[in-house]
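Before any comments, here is the structure.
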2 protein chains.
Amino acid sequence: MVQQRLLDIAIREFGLKGIEGASTRAIAAAAETAMSSITYHYGGKEGLYLAAADHIARQMGEQMAPAVGAAELPDTPEGARMVIHRILDVFAAKMAGDDTANWSLFIVREQMNPTEAFERIYGGLMGQMMERLVELVCIATGRRDANTARVTTITLIGQVIVIRASRASCLKLLQRDTIDADATAALQARISSNTDAILDRLIAERQDLP
Amino acid sequence: MVQQRLLDIAIREFGLKGIEGASTRAIAAAAETAMSSITYHYGGKEGLYLAAADHIARQMGEQMAPAVGAAELPDTPEGARMVIHRILDVFAAKMAGDDTANWSLFIVREQMNPTEAFERIYGGLMGQMMERLVELVCIATGRRDANTARVTTITLIGQVIVIRASRASCLKLLQRDTIDADATAALQARISSNTDAILDRLIAERQDLP
DNA sequence: GTCTATACTACGATAGAC
DNA sequence: GTCTATCGTAGTATAGAC
């Protein structure tokens with residue numbers, strides 16, 4: 001389908017060059033269609049940009065929703081911890097895999113210079129996942145202190161997104177030229193172990209509270 | 001100085017739009033000089049791009065070198081841990097602050113699509129910091145297992161870079177519109193606590209090895 | 001719906017005045 | 001060293017054929 005190709009290529013080009021830098025001519029040519037079909041389908045460059053953001057949000061939702069689980073929250077610390085592990089594991093696999101390469105620059109650009117497109121992406125599964133993680137950290141550590149849970153969630157996510165956002169540095173450090181299945185497994189295992197250590201520490205710190 | 005202004009603006013524009021997307025005309029205009037001075041000083045757009053990368057590497061070196069410490073490595077686990085904390089603390093402050101905003105997109109773009117510019121940046125303090133952290137993690141955990149130390153280092157760095165690379169998500173989660181001094185302190189404290197938990201876990205896991 | 005043709009603006013590089 | 005002027009190319013948008 002023309003529109004599917006157009007959106008996939010738009011995500012890559014907008015990710016690489018931003019909305020101003022990317023060229024609708026180049027996007028249309030790569031999608032093997034005329035430039036004016038962008039005008040027809042999306043009203044112009046800006047419309048295509050927002051449609052690309054929606055496309056990312058939709059795909060991310062489809063691929064991650066099962067792991068995040070929209071169902072009710074677990075009610076035991078052990079259950080919550082299990083869900084946290086599941087989410088981070090799937091998320092890490094996504095970040096390590098090739099299929100998120102094109103999304104990532106688009107999203108990171110929006111993270112650092114948010115436009116309306118960020119609202120569309122965050123309003124989808126990304127926001128749900130982060131807020132769900134905060135709740136899960138609260139349950140897993142038996143804390144009502146939401147602020148600590150929020151800051152902790154940020155650091156947990158950081159462990160995962162670094163795989164993509166610092167890809168070249170990771171490859172240098174690991175002395176590899178791709179993140180293959182072995183490297184992915186090693187990262188997932190370390191993230192899992194770190195997460196347990198972090199959550200245990202939060203539980204221990206709670207005992208010290210007045 | 002003209003060249004200083006030119007480089008600062010080039011970093012911002014190249015970060016936002018990439019080498020292809022950015023416009024030398026716009027960069028020159030923002031630096032209040034003629035476009036042809038870019039040709040004169042840097043030979044053209046590509047030369048300016050590489051000079052911008054060198055500029056980042058140089059500034060990063062000046063600002064972070066004291067924390068990384070080129071001197072000899074500490075020889076006790078406690079000493080190594082102290083240096084790890086110091087590096088991550090300073091790095092987190094940098095990531096939270098405004099002065100790295102322009103560098104960040106430039107660097108992240110290079111992380112995901114490396115060119116020669118990445119070599120210039122990584123060849124500076126960034127590579128030194130990461131490799132130094134690997135050594136410090138080895139010493140702090142009493143492990144000779146460099147691979148575990150490398151993977152751990154990646155996750156430690158992830159906790160810090162998320163402050164910038166996922167800035168908009170962090171702000172949403174923290175329900176703020178800036179990362180002020182309070183938020184920075186909270187993140188630093190959590191990163192520090194997490195790091196201790198992670199290192200302690202690594203030491204404990206070591207006891208279980210055959 | 002998809003294409004071609006066209007109007008207008010902006011791009012990078014370069015030559016040459018000063 | 002810094003500027004203006006200019007060339008050829010490529011950008012978006014739009015109108016209109018089919």
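Numbering starts fresh at 1 for the residues of each chain in the structure tokens, the chains themselves are lettered A, B, ... in the order given, and ligands are numbered from 1 as they appear.
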After fit on chain A (all C-alpha, ordered pairs), chain B as a short mmCIF file (atom, residue, chain, number, x, y, z; two decimals) with C-alpha atoms, in the first residue's frame:
```
data_model
loop_
_atom_site.label_atom_id
_atom_site.label_comp_id
_atom_site.auth_asym_id
_atom_site.auth_seq_id
_atom_site.Cartn_x
_atom_site.Cartn_y
_atom_site.Cartn_z
CA MET B 1 0.04 -0.05 0.03
CA VAL B 2 1.28 3.39 -0.89
CA GLN B 3 0.35 5.06 2.39
CA GLN B 4 2.09 2.36 4.44
CA ARG B 5 5.33 2.79 2.47
CA LEU B 6 5.00 6.55 2.68
CA LEU B 7 4.68 6.49 6.47
CA ASP B 8 7.54 4.05 7.03
CA ILE B 9 9.89 6.11 4.91
CA ALA B 10 8.63 9.37 6.41
CA ILE B 11 9.47 8.11 9.91
CA ARG B 12 13.00 7.33 8.82
CA GLU B 13 13.55 10.60 6.97
CA PHE B 14 11.93 12.80 9.60
CA GLY B 15 13.92 10.98 12.25
CA LEU B 16 17.18 11.60 10.45
CA LYS B 17 16.57 15.18 9.34
CA GLY B 18 13.67 16.59 11.31
CA ILE B 19 10.55 18.10 9.85
CA GLU B 20 12.40 21.01 8.29
CA GLY B 21 15.36 19.06 7.02
CA ALA B 22 13.52 16.14 5.46
CA SER B 23 12.36 16.44 1.88
CA THR B 24 8.91 15.41 0.77
CA ARG B 25 10.34 14.92 -2.69
CA ALA B 26 12.83 12.38 -1.39
CA ILE B 27 10.21 10.65 0.74
CA ALA B 28 7.84 10.37 -2.19
CA ALA B 29 10.58 9.15 -4.50
CA ALA B 30 11.67 6.46 -2.01
CA ALA B 31 8.03 5.36 -1.69
CA GLU B 32 7.87 5.24 -5.48
CA THR B 33 5.07 7.72 -5.80
CA ALA B 34 4.59 11.33 -6.79
CA MET B 35 5.25 14.10 -4.31
CA SER B 36 1.77 15.44 -4.75
CA SER B 37 0.29 12.28 -3.25
CA ILE B 38 1.62 13.52 0.09
CA THR B 39 -0.43 16.66 -0.38
CA TYR B 40 -3.40 14.59 -1.36
CA HIS B 41 -3.28 12.13 1.55
CA TYR B 42 -1.90 14.27 4.36
CA GLY B 43 -2.36 17.84 3.24
CA GLY B 44 1.35 18.57 3.18
CA LYS B 45 4.60 18.05 5.02
CA GLU B 46 3.27 18.86 8.47
CA GLY B 47 0.33 16.52 8.05
CA LEU B 48 2.69 13.74 7.02
CA TYR B 49 4.82 14.42 10.09
CA LEU B 50 1.88 14.06 12.45
CA ALA B 51 0.66 10.99 10.59
CA ALA B 52 4.12 9.49 11.04
CA ALA B 53 3.87 10.11 14.78
CA ASP B 54 0.47 8.44 14.89
CA HIS B 55 1.90 5.53 12.94
CA ILE B 56 4.65 5.08 15.51
CA ALA B 57 2.15 5.26 18.37
CA ARG B 58 -0.08 2.69 16.71
CA GLN B 59 2.74 0.23 15.96
CA MET B 60 4.21 0.62 19.42
CA GLY B 61 0.80 -0.04 20.91
CA GLU B 62 0.30 -3.19 18.88
CA GLN B 63 3.72 -4.57 19.71
CA MET B 64 4.06 -3.65 23.37
CA ALA B 65 0.49 -3.71 24.68
CA PRO B 66 0.53 -7.43 25.60
CA ALA B 67 3.58 -6.93 27.79
CA VAL B 68 2.29 -3.78 29.48
CA GLY B 69 -1.09 -5.38 30.10
CA ALA B 70 -4.00 -3.02 30.32
CA ALA B 71 -5.75 -5.35 32.75
CA GLU B 72 -5.95 -4.74 36.48
CA LEU B 73 -2.81 -4.30 38.56
CA PRO B 74 -1.35 -7.20 40.49
CA ASP B 75 -1.97 -6.84 44.23
CA THR B 76 1.17 -8.47 45.63
CA PRO B 77 4.73 -7.09 45.58
CA GLU B 78 5.89 -10.32 43.94
CA GLY B 79 3.25 -10.07 41.24
CA ALA B 80 4.12 -6.44 40.56
CA ARG B 81 7.79 -7.26 40.33
CA MET B 82 7.08 -9.99 37.83
CA VAL B 83 5.19 -7.57 35.61
CA ILE B 84 8.02 -5.01 35.88
CA HIS B 85 10.47 -7.66 34.73
CA ARG B 86 8.22 -8.63 31.86
CA ILE B 87 7.79 -5.07 30.64
CA LEU B 88 11.50 -4.25 30.81
CA ASP B 89 12.41 -7.51 29.14
CA VAL B 90 10.15 -6.96 26.17
CA PHE B 91 11.13 -3.29 25.98
CA ALA B 92 14.83 -4.21 25.99
CA ALA B 93 14.29 -6.75 23.22
CA LYS B 94 12.58 -4.04 21.18
CA MET B 95 15.38 -1.55 21.82
CA ALA B 96 17.99 -4.13 20.86
CA GLY B 97 16.16 -5.19 17.69
CA ASP B 98 16.38 -3.55 14.32
CA ASP B 99 12.72 -2.74 13.90
CA THR B 100 12.81 0.19 16.32
CA ALA B 101 15.80 1.83 14.66
CA ASN B 102 13.68 4.14 12.56
CA TRP B 103 11.30 5.12 15.34
CA SER B 104 14.01 5.96 17.75
CA LEU B 105 15.50 9.09 16.26
CA PHE B 106 12.04 10.42 15.57
CA ILE B 107 11.05 9.89 19.20
CA VAL B 108 14.31 11.16 20.69
CA ARG B 109 14.07 14.32 18.63
CA GLU B 110 10.59 14.86 19.97
CA GLN B 111 11.80 14.11 23.50
CA MET B 112 14.34 16.91 23.26
CA ASN B 113 12.23 19.32 21.20
CA PRO B 114 8.62 18.31 21.75
CA THR B 115 5.95 19.33 19.27
CA GLU B 116 2.37 18.16 18.94
CA ALA B 117 3.76 14.89 17.59
CA PHE B 118 5.15 14.03 21.02
CA GLU B 119 1.72 14.30 22.58
CA ARG B 120 0.44 11.80 20.05
CA ILE B 121 3.19 9.33 20.78
CA TYR B 122 3.19 9.77 24.55
CA GLY B 123 -0.60 9.69 24.58
CA GLY B 124 -0.39 6.14 23.24
CA LEU B 125 1.34 3.21 24.79
CA MET B 126 4.48 5.07 25.84
CA GLY B 127 2.69 7.11 28.48
CA GLN B 128 0.68 4.12 29.61
CA MET B 129 3.82 2.03 30.03
CA MET B 130 5.62 4.66 32.08
CA GLU B 131 2.70 5.41 34.35
CA ARG B 132 2.00 1.73 34.75
CA LEU B 133 5.61 1.18 35.79
CA VAL B 134 5.30 3.87 38.46
CA GLU B 135 2.27 2.09 39.92
CA LEU B 136 4.03 -1.27 39.75
CA VAL B 137 7.11 0.10 41.52
CA CYS B 138 4.85 1.41 44.28
CA ILE B 139 3.24 -2.00 44.72
CA ALA B 140 6.50 -3.93 44.40
CA THR B 141 8.20 -1.86 47.09
CA GLY B 142 5.19 -1.35 49.31
CA ARG B 143 5.69 2.40 49.15
CA ARG B 144 3.03 5.03 48.82
CA ASP B 145 5.74 7.55 48.01
CA ALA B 146 4.89 8.17 44.36
CA ASN B 147 7.73 10.59 43.81
CA THR B 148 10.38 8.01 44.61
CA ALA B 149 8.58 5.57 42.35
CA ARG B 150 8.60 8.11 39.53
CA VAL B 151 12.30 8.81 39.81
CA THR B 152 13.03 5.09 40.07
CA THR B 153 10.94 4.41 36.99
CA ILE B 154 12.98 6.94 35.04
CA THR B 155 16.21 5.18 35.95
CA LEU B 156 14.75 1.76 35.16
CA ILE B 157 13.76 2.97 31.72
CA GLY B 158 17.15 4.57 31.27
CA GLN B 159 18.83 1.20 31.60
CA VAL B 160 16.79 0.03 28.63
CA ILE B 161 16.72 3.00 26.27
CA VAL B 162 20.50 3.37 26.46
CA ILE B 163 20.67 0.32 24.19
CA ARG B 164 19.29 2.45 21.39
CA ALA B 165 20.04 6.02 22.36
CA SER B 166 23.74 5.26 22.84
CA ARG B 167 23.96 2.47 20.33
CA ALA B 168 27.37 3.31 18.91
CA SER B 169 28.92 3.68 22.37
CA CYS B 170 27.42 0.36 23.45
CA LEU B 171 28.88 -1.36 20.41
CA LYS B 172 32.30 0.14 21.10
CA LEU B 173 32.17 -0.90 24.74
CA LEU B 174 31.00 -4.41 23.91
CA GLN B 175 33.54 -4.60 21.10
CA ARG B 176 30.93 -5.79 18.63
CA ASP B 177 29.44 -4.46 15.47
CA THR B 178 25.87 -5.55 16.14
CA ILE B 179 23.71 -6.25 19.16
CA ASP B 180 23.00 -9.90 18.40
CA ALA B 181 20.95 -12.39 20.36
CA ASP B 182 23.78 -13.10 22.81
CA ALA B 183 24.38 -9.44 23.59
CA THR B 184 20.65 -8.83 23.94
CA ALA B 185 20.36 -11.71 26.41
CA ALA B 186 23.32 -10.41 28.42
CA LEU B 187 21.79 -6.94 28.60
CA GLN B 188 18.39 -8.31 29.54
CA ALA B 189 19.90 -10.46 32.29
CA ARG B 190 21.86 -7.55 33.70
CA ILE B 191 18.85 -5.22 33.59
CA SER B 192 16.78 -7.85 35.34
CA SER B 193 19.40 -8.35 38.02
CA ASN B 194 19.86 -4.59 38.48
CA THR B 195 16.11 -4.11 38.75
CA ASP B 196 15.88 -6.65 41.54
CA ALA B 197 18.78 -4.99 43.32
CA ILE B 198 17.15 -1.55 42.98
CA LEU B 199 13.74 -2.73 44.16
CA ASP B 200 15.24 -4.65 47.08
CA ARG B 201 17.18 -1.55 48.07
CA LEU B 202 13.98 0.50 47.99
CA ILE B 203 12.26 -2.03 50.24
CA ALA B 204 15.22 -1.99 52.63
CA GLU B 205 15.25 1.82 52.68
CA ARG B 206 11.57 1.79 53.54
CA GLN B 207 12.30 -0.13 56.76
CA ASP B 208 14.48 2.77 57.82
CA LEU B 209 11.72 5.34 57.45
CA PRO B 210 10.18 6.66 60.65
#
```
I need the contact residues of chain C against chain B, so if you could list those with any atom within 9 Å, counting only C-alpha atoms (C1' of nucleotides), and return them as a short mmCIF file (atom, residue, chain, number, x, y, z; two decimals) with C-alpha atoms (C1' of nucleotides), in the first residue's frame, that would help.
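out28.cif was written with the following content:
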```cif
data_model
loop_
_atom_site.label_atom_id
_atom_site.label_comp_id
_atom_site.auth_asym_id
_atom_site.auth_seq_id
_atom_site.Cartn_x
_atom_site.Cartn_y
_atom_site.Cartn_z
"C1'" DC C 11 19.99 25.54 -0.99
"C1'" DG C 12 25.63 25.02 -1.36
"C1'" DA C 13 29.53 26.49 -3.82
"C1'" DT C 14 32.31 29.76 -5.82
#
```
Do a neighbour search on DT6 in chain C at 12 Å with only C-alpha atoms (C1' of nucleotides), toss out local chain neighbours closer than 4 positions, and write the hits as a list in words.
-> DA13, DT14, DA15 and DG16 of chain D
Identify all residues of chain A in alpha helix (DSSP H) (DSSP on the backbone) and supply them as JSON, numbers by chain.
-> {"A": [2, 3, 4, 5, 6, 7, 8, 9, 10, 11, 12, 13, 14, 15, 16, 17, 18, 19, 20, 21, 24, 25, 26, 27, 28, 29, 30, 36, 37, 38, 39, 40, 41, 42, 45, 46, 47, 48, 49, 50, 51, 52, 53, 54, 55, 56, 57, 58, 59, 60, 61, 62, 63, 64, 65, 66, 67, 68, 77, 78, 79, 80, 81, 82, 83, 84, 85, 86, 87, 88, 89, 90, 91, 92, 93, 94, 95, 96, 101, 102, 103, 104, 105, 106, 107, 108, 109, 110, 111, 112, 116, 117, 118, 119, 120, 121, 127, 128, 129, 130, 131, 132, 133, 134, 135, 136, 137, 138, 139, 140, 141, 146, 147, 148, 149, 150, 151, 152, 153, 154, 155, 156, 157, 158, 159, 160, 161, 162, 163, 164, 165, 167, 168, 169, 170, 171, 172, 173, 174, 181, 182, 183, 184, 185, 186, 187, 188, 189, 190, 191, 192, 193, 194, 195, 196, 197, 198, 199, 200, 201, 202, 203, 204, 205, 206, 207, 208]}
